[in-house]
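Listing of query_24.cif; format and content: mmCIF, C-alpha atoms.
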data_structure
#
loop_
_atom_site.group_PDB
_atom_site.id
_atom_site.type_symbol
_atom_site.label_atom_id
_atom_site.label_comp_id
_atom_site.auth_asym_id
_atom_site.auth_seq_id
_atom_site.Cartn_x
_atom_site.Cartn_y
_atom_site.Cartn_z
ATOM 1 C CA MET U 22 12.970 -43.647 2.587
ATOM 2 C CA ASP U 23 15.567 -42.501 5.093
ATOM 3 C CA LEU U 24 15.501 -38.678 5.027
ATOM 4 C CA SER U 25 18.766 -38.381 6.909
ATOM 5 C CA GLU U 26 20.878 -40.223 4.331
ATOM 6 C CA LYS U 27 19.432 -39.658 0.862
ATOM 7 C CA LYS U 28 19.172 -36.291 -0.833
ATOM 8 C CA LEU U 29 15.607 -36.072 -2.102
ATOM 9 C CA LYS U 30 13.932 -34.035 -4.770
ATOM 10 C CA GLY U 31 10.264 -33.226 -4.385
ATOM 11 C CA ILE U 32 7.699 -31.649 -6.668
ATOM 12 C CA PHE U 33 5.314 -29.467 -4.721
ATOM 13 C CA TRP U 34 2.237 -28.765 -6.756
ATOM 14 C CA ARG U 35 -0.714 -26.467 -6.377
ATOM 15 C CA ALA U 36 -3.287 -26.727 -9.158
ATOM 16 C CA ASP U 37 -6.171 -24.567 -7.950
ATOM 17 C CA CYS U 38 -6.873 -21.155 -9.471
ATOM 18 C CA TYR U 39 -5.816 -18.727 -6.749
ATOM 19 C CA GLY U 40 -5.136 -15.922 -9.219
ATOM 20 C CA ASN U 41 -3.713 -12.862 -7.518
ATOM 21 C CA HIS U 42 -4.513 -14.055 -3.998
ATOM 22 C CA ASN U 43 -1.107 -15.444 -3.167
ATOM 23 C CA VAL U 44 -0.387 -14.407 0.403
ATOM 24 C CA GLY U 45 -1.267 -15.781 3.837
ATOM 25 C CA GLY U 46 -2.746 -19.127 4.837
ATOM 26 C CA MET U 47 -1.524 -22.007 2.718
ATOM 27 C CA PHE U 48 1.039 -19.792 0.956
ATOM 28 C CA SER U 49 2.879 -19.266 4.226
ATOM 29 C CA ALA U 50 2.638 -22.994 4.863
ATOM 30 C CA HIS U 51 4.109 -23.760 1.397
ATOM 31 C CA TYR U 52 6.965 -21.356 2.062
ATOM 32 C CA GLY U 53 7.559 -22.896 5.474
ATOM 33 C CA PHE U 54 7.757 -26.506 4.457
ATOM 34 C CA LEU U 55 9.757 -25.794 1.284
ATOM 35 C CA ASN U 56 12.199 -23.815 3.392
ATOM 36 C CA GLY U 57 12.446 -26.610 5.969
ATOM 37 C CA PHE U 58 12.854 -29.230 3.266
ATOM 38 C CA GLN U 59 15.723 -27.275 1.716
ATOM 39 C CA LYS U 60 17.374 -26.712 5.087
ATOM 40 C CA LEU U 61 17.470 -30.481 5.503
ATOM 41 C CA GLY U 62 19.566 -30.549 2.320
ATOM 42 C CA HIS U 63 16.875 -31.673 -0.103
ATOM 43 C CA GLU U 64 15.836 -30.115 -3.389
ATOM 44 C CA SER U 65 12.389 -28.825 -4.328
ATOM 45 C CA VAL U 66 10.478 -27.675 -7.362
ATOM 46 C CA PHE U 67 7.119 -25.901 -7.265
ATOM 47 C CA ALA U 68 4.455 -26.021 -9.974
ATOM 48 C CA SER U 69 1.336 -23.873 -9.840
ATOM 49 C CA SER U 70 -1.131 -21.703 -11.727
ATOM 50 C CA GLY U 71 0.177 -18.356 -10.513
ATOM 51 C CA ARG U 72 3.239 -16.672 -9.109
ATOM 52 C CA LEU U 73 3.906 -16.867 -5.383
ATOM 53 C CA GLU U 74 6.752 -16.241 -2.978
ATOM 54 C CA LEU U 75 9.099 -19.200 -2.715
ATOM 55 C CA PRO U 76 12.350 -19.738 -0.807
ATOM 56 C CA PRO U 77 15.460 -18.891 -2.889
ATOM 57 C CA GLY U 78 16.706 -21.857 -4.871
ATOM 58 C CA THR U 79 13.267 -23.362 -5.466
ATOM 59 C CA GLY U 80 12.607 -24.211 -9.104
ATOM 60 C CA TYR U 81 9.291 -22.934 -10.429
ATOM 61 C CA TYR U 82 6.947 -24.018 -13.227
ATOM 62 C CA PHE U 83 3.946 -21.941 -14.260
ATOM 63 C CA ILE U 84 0.974 -23.903 -15.618
ATOM 64 C CA PRO U 85 -1.644 -21.253 -16.473
ATOM 65 C CA TYR U 86 -5.398 -21.684 -16.631
ATOM 66 C CA SER U 87 -7.243 -21.182 -19.912
ATOM 67 C CA ARG U 88 -7.736 -17.577 -20.981
ATOM 68 C CA ILE U 89 -11.219 -18.438 -22.258
ATOM 69 C CA PHE U 90 -12.777 -19.598 -18.985
ATOM 70 C CA ARG U 91 -12.367 -16.613 -16.710
ATOM 71 C CA ASN U 92 -15.792 -15.490 -15.581
ATOM 72 C CA PHE U 93 -17.781 -18.473 -14.371
ATOM 73 C CA PRO U 94 -16.883 -20.253 -11.161
ATOM 74 C CA GLU U 95 -15.638 -23.859 -11.217
ATOM 75 C CA ILE U 96 -15.978 -24.355 -15.009
ATOM 76 C CA LEU U 97 -12.323 -23.461 -15.525
ATOM 77 C CA ASN U 98 -11.229 -26.319 -13.256
ATOM 78 C CA LEU U 99 -12.737 -29.033 -15.437
ATOM 79 C CA PRO U 100 -10.597 -28.672 -18.600
ATOM 80 C CA TYR U 101 -7.561 -27.729 -16.485
ATOM 81 C CA ASN U 102 -7.321 -31.278 -15.107
ATOM 82 C CA GLY U 103 -6.106 -32.708 -18.432
ATOM 83 C CA LYS U 104 -3.788 -29.780 -19.141
ATOM 84 C CA VAL U 105 -2.126 -29.726 -15.736
ATOM 85 C CA ALA U 106 -1.668 -33.508 -15.661
ATOM 86 C CA LYS U 107 0.004 -33.418 -19.102
ATOM 87 C CA ASN U 108 2.292 -30.542 -18.079
ATOM 88 C CA LEU U 109 3.191 -32.093 -14.754
ATOM 89 C CA LEU U 110 4.112 -35.388 -16.403
ATOM 90 C CA ARG U 111 6.536 -33.434 -18.634
ATOM 91 C CA ILE U 112 8.000 -31.694 -15.570
ATOM 92 C CA ILE U 113 8.390 -35.050 -13.811
ATOM 93 C CA ASP U 114 10.234 -36.445 -16.857
ATOM 94 C CA LYS U 115 12.610 -33.488 -16.733
ATOM 95 C CA GLU U 116 13.100 -33.133 -12.973
ATOM 96 C CA LYS U 117 13.050 -36.810 -11.948
ATOM 97 C CA PRO U 118 11.592 -36.210 -8.469
ATOM 98 C CA ASP U 119 11.446 -38.757 -5.652
ATOM 99 C CA PHE U 120 7.934 -37.789 -4.601
ATOM 100 C CA ILE U 121 5.039 -35.437 -5.339
ATOM 101 C CA TYR U 122 3.097 -33.328 -2.880
ATOM 102 C CA GLN U 123 -0.129 -31.739 -4.052
ATOM 103 C CA TYR U 124 -2.255 -29.129 -2.358
ATOM 104 C CA GLN U 125 -5.680 -28.827 -3.902
ATOM 105 C CA ALA U 126 -8.760 -26.855 -2.997
ATOM 106 C CA ASP U 127 -11.073 -27.156 -5.990
ATOM 107 C CA PHE U 128 -12.417 -29.651 -8.497
ATOM 108 C CA ASN U 129 -9.406 -31.750 -9.325
ATOM 109 C CA TYR U 130 -8.596 -35.310 -10.262
ATOM 110 C CA ALA U 131 -5.291 -34.621 -12.047
ATOM 111 C CA GLY U 132 -3.425 -35.929 -9.003
ATOM 112 C CA SER U 133 -4.866 -39.404 -9.504
ATOM 113 C CA ILE U 134 -3.816 -39.369 -13.201
ATOM 114 C CA VAL U 135 -0.264 -38.352 -12.279
ATOM 115 C CA LYS U 136 -0.032 -40.917 -9.489
ATOM 116 C CA LYS U 137 -1.339 -43.669 -11.740
ATOM 117 C CA LYS U 138 1.042 -42.860 -14.622
ATOM 118 C CA THR U 139 4.207 -42.293 -12.604
ATOM 119 C CA GLY U 140 3.784 -44.555 -9.586
ATOM 120 C CA LEU U 141 5.770 -42.048 -7.532
ATOM 121 C CA PRO U 142 5.054 -41.616 -3.817
ATOM 122 C CA PHE U 143 2.204 -39.116 -3.782
ATOM 123 C CA SER U 144 1.005 -37.037 -0.888
ATOM 124 C CA SER U 145 -2.114 -34.956 -1.314
ATOM 125 C CA ASN U 146 -3.670 -32.297 0.860
ATOM 126 C CA GLN U 147 -7.245 -32.018 -0.357
ATOM 127 C CA THR U 148 -9.892 -29.591 0.818
ATOM 128 C CA GLU U 149 -13.370 -28.674 -0.422
ATOM 129 C CA CYS U 150 -14.798 -30.525 -3.435
ATOM 130 C CA ASN U 151 -12.479 -32.985 -5.146
ATOM 131 C CA LEU U 152 -12.957 -35.728 -7.653
ATOM 132 C CA GLY U 153 -11.054 -38.851 -8.404
ATOM 133 C CA MET S 151 -8.201 16.657 -11.150
ATOM 134 C CA MET S 152 -8.106 13.701 -8.748
ATOM 135 C CA LYS S 153 -8.045 10.181 -10.059
ATOM 136 C CA LEU S 154 -9.623 7.149 -8.420
ATOM 137 C CA LEU S 155 -7.771 3.912 -7.764
ATOM 138 C CA LEU S 156 -9.928 0.953 -6.841
ATOM 139 C CA LEU S 157 -7.362 -1.345 -5.321
ATOM 140 C CA LEU S 158 -8.487 -4.926 -5.819
ATOM 141 C CA ASN S 159 -5.245 -6.592 -4.741
ATOM 142 C CA GLY S 160 -1.536 -5.886 -4.885
ATOM 143 C CA ASN S 161 0.530 -3.006 -3.628
ATOM 144 C CA LYS S 162 -0.601 0.544 -4.422
ATOM 145 C CA GLU S 163 2.927 1.984 -4.596
ATOM 146 C CA SER S 164 4.150 -0.789 -6.917
ATOM 147 C CA ILE S 165 1.141 -0.389 -9.213
ATOM 148 C CA LEU S 166 1.493 3.392 -9.480
ATOM 149 C CA ALA S 167 5.273 3.198 -9.910
ATOM 150 C CA ALA S 168 4.925 0.617 -12.688
ATOM 151 C CA HIS S 169 2.728 3.068 -14.603
ATOM 152 C CA LYS S 170 4.657 6.230 -13.636
ATOM 153 C CA LEU S 171 1.598 7.685 -11.923
ATOM 154 C CA GLU S 172 1.822 10.291 -9.140
ATOM 155 C CA ASP S 173 0.491 9.039 -5.770
ATOM 156 C CA SER S 174 -0.664 12.507 -4.652
ATOM 157 C CA ASN S 175 -3.216 12.684 -7.514
ATOM 158 C CA PHE S 176 -5.014 9.573 -6.325
ATOM 159 C CA ASN S 177 -7.977 8.862 -4.128
ATOM 160 C CA THR S 178 -7.605 5.162 -3.277
ATOM 161 C CA ILE S 179 -10.387 2.824 -2.198
ATOM 162 C CA LYS S 180 -9.610 -0.775 -1.268
ATOM 163 C CA ILE S 181 -12.149 -3.229 -2.630
ATOM 164 C CA ASP S 182 -12.462 -6.997 -2.464
ATOM 165 C CA ASP S 183 -13.118 -9.550 -5.228
ATOM 166 C CA LYS S 184 -16.505 -10.168 -3.609
ATOM 167 C CA ASP S 185 -17.391 -6.489 -4.078
ATOM 168 C CA LEU S 186 -17.304 -7.094 -7.840
ATOM 169 C CA ALA S 187 -20.582 -8.947 -7.357
ATOM 170 C CA LYS S 188 -22.157 -5.648 -6.208
ATOM 171 C CA PRO S 189 -22.464 -3.543 -9.376
ATOM 172 C CA LYS S 190 -24.598 -0.818 -7.785
ATOM 173 C CA MET S 191 -22.047 -0.294 -5.028
ATOM 174 C CA ILE S 192 -19.079 -0.089 -7.427
ATOM 175 C CA VAL S 193 -20.811 2.268 -9.886
ATOM 176 C CA LYS S 194 -22.010 4.487 -7.004
ATOM 177 C CA MET S 195 -18.479 4.506 -5.564
ATOM 178 C CA ILE S 196 -17.034 5.628 -8.908
ATOM 179 C CA LYS S 197 -19.703 8.281 -9.534
ATOM 180 C CA GLU S 198 -19.524 9.718 -6.026
ATOM 181 C CA SER S 199 -15.732 9.982 -6.120
ATOM 182 C CA GLY S 200 -16.002 12.940 -8.507
ATOM 183 C CA CYS S 201 -12.863 11.725 -10.275
ATOM 184 C CA ASN S 202 -12.633 11.857 -14.053
ATOM 185 C CA THR S 203 -10.336 8.840 -14.418
ATOM 186 C CA VAL S 204 -10.699 5.464 -12.750
ATOM 187 C CA TYR S 205 -8.013 2.829 -12.409
ATOM 188 C CA ILE S 206 -8.610 -0.645 -11.049
ATOM 189 C CA GLY S 207 -5.384 -2.006 -9.613
ATOM 190 C CA CYS S 208 -4.316 -5.624 -9.268
ATOM 191 C CA LYS S 209 -1.121 -7.678 -8.918
ATOM 192 C CA GLU S 210 -1.053 -9.281 -12.339
ATOM 193 C CA LEU S 211 -3.529 -8.794 -15.187
ATOM 194 C CA GLN S 212 -2.893 -12.241 -16.640
ATOM 195 C CA LEU S 213 -4.165 -13.854 -13.427
ATOM 196 C CA GLN S 214 -7.020 -11.460 -12.732
ATOM 197 C CA ARG S 215 -10.473 -12.892 -13.306
ATOM 198 C CA PHE S 216 -13.753 -10.961 -13.910
ATOM 199 C CA GLN S 217 -12.117 -8.121 -15.897
ATOM 200 C CA ILE S 218 -15.135 -7.970 -18.221
ATOM 201 C CA PHE S 219 -17.420 -7.137 -15.267
ATOM 202 C CA MET S 220 -15.076 -4.356 -14.156
ATOM 203 C CA LYS S 221 -15.272 -2.931 -17.684
ATOM 204 C CA ILE S 222 -19.090 -3.123 -17.654
ATOM 205 C CA TYR S 223 -19.183 -1.170 -14.360
ATOM 206 C CA CYS S 224 -16.802 1.389 -15.842
ATOM 207 C CA SER S 225 -19.103 1.771 -18.859
ATOM 208 C CA PHE S 226 -22.030 2.582 -16.506
ATOM 209 C CA SER S 227 -20.006 5.155 -14.640
ATOM 210 C CA ARG S 228 -18.996 6.871 -17.903
ATOM 211 C CA LYS S 229 -15.456 7.676 -16.792
ATOM 212 C CA GLN S 230 -12.137 7.100 -18.500
ATOM 213 C CA SER S 231 -10.878 3.869 -17.017
ATOM 214 C CA ALA S 232 -8.326 1.086 -17.135
ATOM 215 C CA ILE S 233 -7.273 -2.003 -15.229
ATOM 216 C CA ILE S 234 -3.586 -1.842 -14.323
ATOM 217 C CA ASP S 235 -1.133 -4.170 -12.589
ATOM 218 C CA GLU S 236 2.168 -4.209 -10.715
ATOM 219 C CA LEU S 237 4.062 -5.372 -13.814
ATOM 220 C CA GLY S 238 3.157 -2.306 -15.882
ATOM 221 C CA ASN S 239 0.444 -4.031 -17.919
ATOM 222 C CA ILE S 240 -2.697 -2.090 -18.766
ATOM 223 C CA ASN S 241 -6.147 -3.118 -20.008
ATOM 224 C CA LYS S 242 -7.822 0.119 -21.127
ATOM 225 C CA TYR S 243 -11.571 0.565 -21.307
ATOM 226 C CA SER S 244 -12.919 1.251 -24.764
ATOM 227 C CA THR S 245 -16.614 1.151 -25.693
ATOM 228 C CA THR S 246 -15.806 -0.307 -29.115
ATOM 229 C CA LYS S 247 -13.639 -3.051 -27.609
ATOM 230 C CA LEU S 248 -16.271 -3.790 -24.948
ATOM 231 C CA PHE S 249 -19.176 -4.182 -27.369
ATOM 232 C CA PHE S 250 -17.396 -5.727 -30.342
ATOM 233 C CA TYR S 251 -14.818 -7.965 -28.639
ATOM 234 C CA GLU S 252 -15.245 -8.448 -24.890
ATOM 235 C CA LEU S 253 -19.023 -8.943 -24.675
ATOM 236 C CA PRO S 254 -19.038 -11.363 -27.664
ATOM 237 C CA MET S 255 -16.173 -13.203 -25.929
ATOM 238 C CA LEU S 256 -18.269 -13.435 -22.744
ATOM 239 C CA ALA S 257 -21.128 -14.883 -24.827
ATOM 240 C CA PHE S 258 -18.660 -17.363 -26.344
ATOM 241 C CA GLU S 259 -17.388 -18.253 -22.876
ATOM 242 C CA SER S 260 -20.980 -18.928 -21.741
ATOM 243 C CA PHE S 261 -21.559 -21.204 -24.727
ATOM 244 C CA ALA S 262 -18.208 -22.974 -24.296
ATOM 245 C CA SER S 263 -18.937 -23.421 -20.566
ATOM 246 C CA ILE S 264 -22.185 -25.240 -21.337
ATOM 247 C CA ILE S 265 -20.308 -27.520 -23.762
ATOM 248 C CA VAL S 266 -17.622 -28.161 -21.112
ATOM 249 C CA LEU S 267 -20.271 -28.981 -18.492
ATOM 250 C CA LEU S 268 -22.072 -31.401 -20.802
ATOM 251 C CA PHE S 269 -18.812 -33.036 -21.884
ATOM 252 C CA TYR S 270 -17.577 -33.600 -18.342
ATOM 253 C CA HIS S 271 -21.025 -34.711 -17.199
ATOM 254 C CA LEU S 272 -20.581 -37.639 -19.602
ATOM 255 C CA LYS S 273 -16.826 -38.062 -19.203
ATOM 256 C CA TYR S 274 -16.682 -38.453 -15.410
ATOM 257 C CA PRO S 275 -19.036 -41.445 -15.104
ATOM 258 C CA PHE S 276 -17.266 -43.062 -18.083
ATOM 259 C CA ASP S 277 -13.798 -42.512 -16.547
ATOM 260 C CA LYS S 278 -15.056 -43.854 -13.230
ATOM 261 C CA TRP S 279 -16.456 -46.944 -14.953
ATOM 262 C CA ILE S 280 -13.128 -47.567 -16.747
ATOM 263 C CA TYR S 281 -11.211 -47.038 -13.498
ATOM 264 C CA LEU S 282 -13.382 -49.410 -11.495
ATOM 265 C CA LYS S 283 -13.294 -52.019 -14.270
ATOM 266 C CA LYS S 284 -9.471 -52.018 -14.324
ATOM 267 C CA ASN S 285 -9.156 -52.138 -10.543
#
Take the structure in the file and give it back as structure tokens.
Amino acid sequence: MDLSEKKLKGIFWRADCYGNHNVGGMFSAHYGFLNGFQKLGHESVFASSGRLELPPGTGYYFIPYSRIFRNFPEILNLPYNGKVAKNLLRIIDKEKPDFIYQYQADFNYAGSIVKKKTGLPFSSNQTECNLG
Amino acid sequence: MMKLLLLLNGNKESILAAHKLEDSNFNTIKIDDKDLAKPKMIVKMIKESGCNTVYIGCKELQLQRFQIFMKIYCSFSRKQSAIIDELGNINKYSTTKLFFYELPMLAFESFASIIVLLFYHLKYPFDKWIYLKKN
């Protein structure tokens, strides 16, 4: 892909449960690269499990965690894999992106489902314990 | 009478403004999510504040985990209390609600979590087997 000629659309996706902790660290990094991507004339959409600050003009999709699993660590990530993959596939159908970028910091294999079903270029930034 | 605001996350001014509460009536203590794992410390903090009303402030109630434990600590401190957020949402403490809805829901969550663990303990090796077979 030649970034200088084609206008791209990217889905930036964060599927971990960060709850109300949405400042600093990776959130600044998300803002930075979304901002840079837009300044280059490309389009971006963000999908995540909680609100966060995004550059103006960035589309946003909220994919919430279950309201049942709220009090035990990690458990909530297991059923979320299926839900988030299903929702993201719907978003991809609607938005028709050129690539997907995922940041993930907990138990997650939804990225591999999405990659397998769409075949889109997929970049993943994985930390901590991941499956798939 | 002073009120106590245990600020878990979010902006104090935004939280108080969203609930039309007067800043000057509040004694604010900043706490961390990790502090919620220290019940003795939280209950002692509430009791020693001498306040008759306790608010626990956060950015957004819908995204805030461990609310049941906050309610349990509030029940031990025997003060009027509520969890409030920047969007004007409120989750008030009520003994009836705690014992007849929230604690049974926690028990249900524990049971459902065991089911989820068992299910995924079987599902993952199966999915891996299918994946490796196809590739």
If the PyMOL selection byres ((chain S and resi 171) around 12) were run on this exact file, what residues would it hold? Put them as a PDB file with C-alpha atoms, in the coordinates of the input.
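New file expr.pdb:
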ATOM      1  CA  MET S 152      -8.106  13.701  -8.748  1.00  0.00           C
ATOM      2  CA  LYS S 153      -8.045  10.181 -10.059  1.00  0.00           C
ATOM      3  CA  LEU S 154      -9.623   7.149  -8.420  1.00  0.00           C
ATOM      4  CA  LEU S 155      -7.771   3.912  -7.764  1.00  0.00           C
ATOM      5  CA  LYS S 162      -0.601   0.544  -4.422  1.00  0.00           C
ATOM      6  CA  GLU S 163       2.927   1.984  -4.596  1.00  0.00           C
ATOM      7  CA  SER S 164       4.150  -0.789  -6.917  1.00  0.00           C
ATOM      8  CA  ILE S 165       1.141  -0.389  -9.213  1.00  0.00           C
ATOM      9  CA  LEU S 166       1.493   3.392  -9.480  1.00  0.00           C
ATOM     10  CA  ALA S 167       5.273   3.198  -9.910  1.00  0.00           C
ATOM     11  CA  ALA S 168       4.925   0.617 -12.688  1.00  0.00           C
ATOM     12  CA  HIS S 169       2.728   3.068 -14.603  1.00  0.00           C
ATOM     13  CA  LYS S 170       4.657   6.230 -13.636  1.00  0.00           C
ATOM     14  CA  GLU S 172       1.822  10.291  -9.140  1.00  0.00           C
ATOM     15  CA  ASP S 173       0.491   9.039  -5.770  1.00  0.00           C
ATOM     16  CA  SER S 174      -0.664  12.507  -4.652  1.00  0.00           C
ATOM     17  CA  ASN S 175      -3.216  12.684  -7.514  1.00  0.00           C
ATOM     18  CA  PHE S 176      -5.014   9.573  -6.325  1.00  0.00           C
ATOM     19  CA  TYR S 205      -8.013   2.829 -12.409  1.00  0.00           C
ATOM     20  CA  ILE S 234      -3.586  -1.842 -14.323  1.00  0.00           C
ATOM     21  CA  GLU S 236       2.168  -4.209 -10.715  1.00  0.00           C
ATOM     22  CA  GLY S 238       3.157  -2.306 -15.882  1.00  0.00           C
TER      23      GLY S 238
END
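Every protein, DNA or RNA residue with an atom at most 7 Å from U:Arg91, where only C-alpha atoms count and chain neighbours fewer than 5 positions away do not, is listed here: Leu97 of chain U; Arg215 and Phe216 of chain S.
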Discussion item. Give me, as a count of residues only, the residues of chain S touching chain U, with the criterion being at most 12 Å (counting all atoms listed in the file).
Written reply: 54
task: Skip stretch 142-146 of chain U itself and residues of its chain fewer than 2 positions away, then list as a PyMOL selection string all residues within 9 Å of it, counting only C-alpha atoms.
output: chain U and resi 119-126+132+135-136+139-140+148
In Å and to one decimal, atom CA of U:Ala68 is distant from atom CA of S:Leu157 by 27.8 Å
Taking N, CA and C atoms as the atom set, what does stretch 252-273 of chain S look like once completed, written as a short mmCIF file (atom, residue, chain, number, x, y, z; two decimals), in the frame of the given file?
data_model
loop_
_atom_site.label_atom_id
_atom_site.label_comp_id
_atom_site.auth_asym_id
_atom_site.auth_seq_id
_atom_site.Cartn_x
_atom_site.Cartn_y
_atom_site.Cartn_z
N GLU S 252 -15.17 -7.84 -26.23
CA GLU S 252 -15.24 -8.45 -24.89
C GLU S 252 -16.62 -9.06 -24.59
N LEU S 253 -17.70 -8.36 -24.93
CA LEU S 253 -19.02 -8.94 -24.68
C LEU S 253 -19.28 -10.17 -25.57
N PRO S 254 -18.92 -10.13 -26.86
CA PRO S 254 -19.04 -11.36 -27.66
C PRO S 254 -18.19 -12.50 -27.10
N MET S 255 -17.02 -12.17 -26.54
CA MET S 255 -16.17 -13.20 -25.93
C MET S 255 -16.83 -13.80 -24.68
N LEU S 256 -17.55 -12.94 -23.93
CA LEU S 256 -18.27 -13.44 -22.74
C LEU S 256 -19.40 -14.38 -23.18
N ALA S 257 -20.06 -14.01 -24.29
CA ALA S 257 -21.13 -14.88 -24.83
C ALA S 257 -20.52 -16.21 -25.27
N PHE S 258 -19.34 -16.14 -25.91
CA PHE S 258 -18.66 -17.36 -26.34
C PHE S 258 -18.26 -18.21 -25.13
N GLU S 259 -17.78 -17.54 -24.10
CA GLU S 259 -17.39 -18.25 -22.88
C GLU S 259 -18.59 -18.97 -22.27
N SER S 260 -19.76 -18.30 -22.28
CA SER S 260 -20.98 -18.93 -21.74
C SER S 260 -21.31 -20.18 -22.53
N PHE S 261 -21.25 -20.06 -23.86
CA PHE S 261 -21.56 -21.20 -24.73
C PHE S 261 -20.55 -22.33 -24.50
N ALA S 262 -19.27 -21.97 -24.49
CA ALA S 262 -18.21 -22.97 -24.30
C ALA S 262 -18.33 -23.64 -22.92
N SER S 263 -18.78 -22.87 -21.92
CA SER S 263 -18.94 -23.42 -20.57
C SER S 263 -20.02 -24.49 -20.54
N ILE S 264 -21.10 -24.24 -21.28
CA ILE S 264 -22.18 -25.24 -21.34
C ILE S 264 -21.66 -26.52 -21.99
N ILE S 265 -20.88 -26.35 -23.07
CA ILE S 265 -20.31 -27.52 -23.76
C ILE S 265 -19.39 -28.30 -22.80
N VAL S 266 -18.55 -27.53 -22.07
CA VAL S 266 -17.62 -28.16 -21.11
C VAL S 266 -18.41 -28.94 -20.05
N LEU S 267 -19.46 -28.31 -19.52
CA LEU S 267 -20.27 -28.98 -18.49
C LEU S 267 -20.88 -30.28 -19.01
N LEU S 268 -21.44 -30.20 -20.22
CA LEU S 268 -22.07 -31.40 -20.80
C LEU S 268 -21.04 -32.49 -21.05
N PHE S 269 -19.88 -32.08 -21.57
CA PHE S 269 -18.81 -33.04 -21.88
C PHE S 269 -18.34 -33.76 -20.62
N TYR S 270 -18.09 -32.98 -19.58
CA TYR S 270 -17.58 -33.60 -18.34
C TYR S 270 -18.65 -34.36 -17.58
N HIS S 271 -19.91 -33.98 -17.81
CA HIS S 271 -21.02 -34.71 -17.20
C HIS S 271 -21.06 -36.15 -17.75
N LEU S 272 -20.65 -36.29 -19.00
CA LEU S 272 -20.58 -37.64 -19.60
C LEU S 272 -19.24 -38.31 -19.31
N LYS S 273 -18.18 -37.51 -19.35
CA LYS S 273 -16.83 -38.06 -19.20
C LYS S 273 -16.57 -38.66 -17.82
#
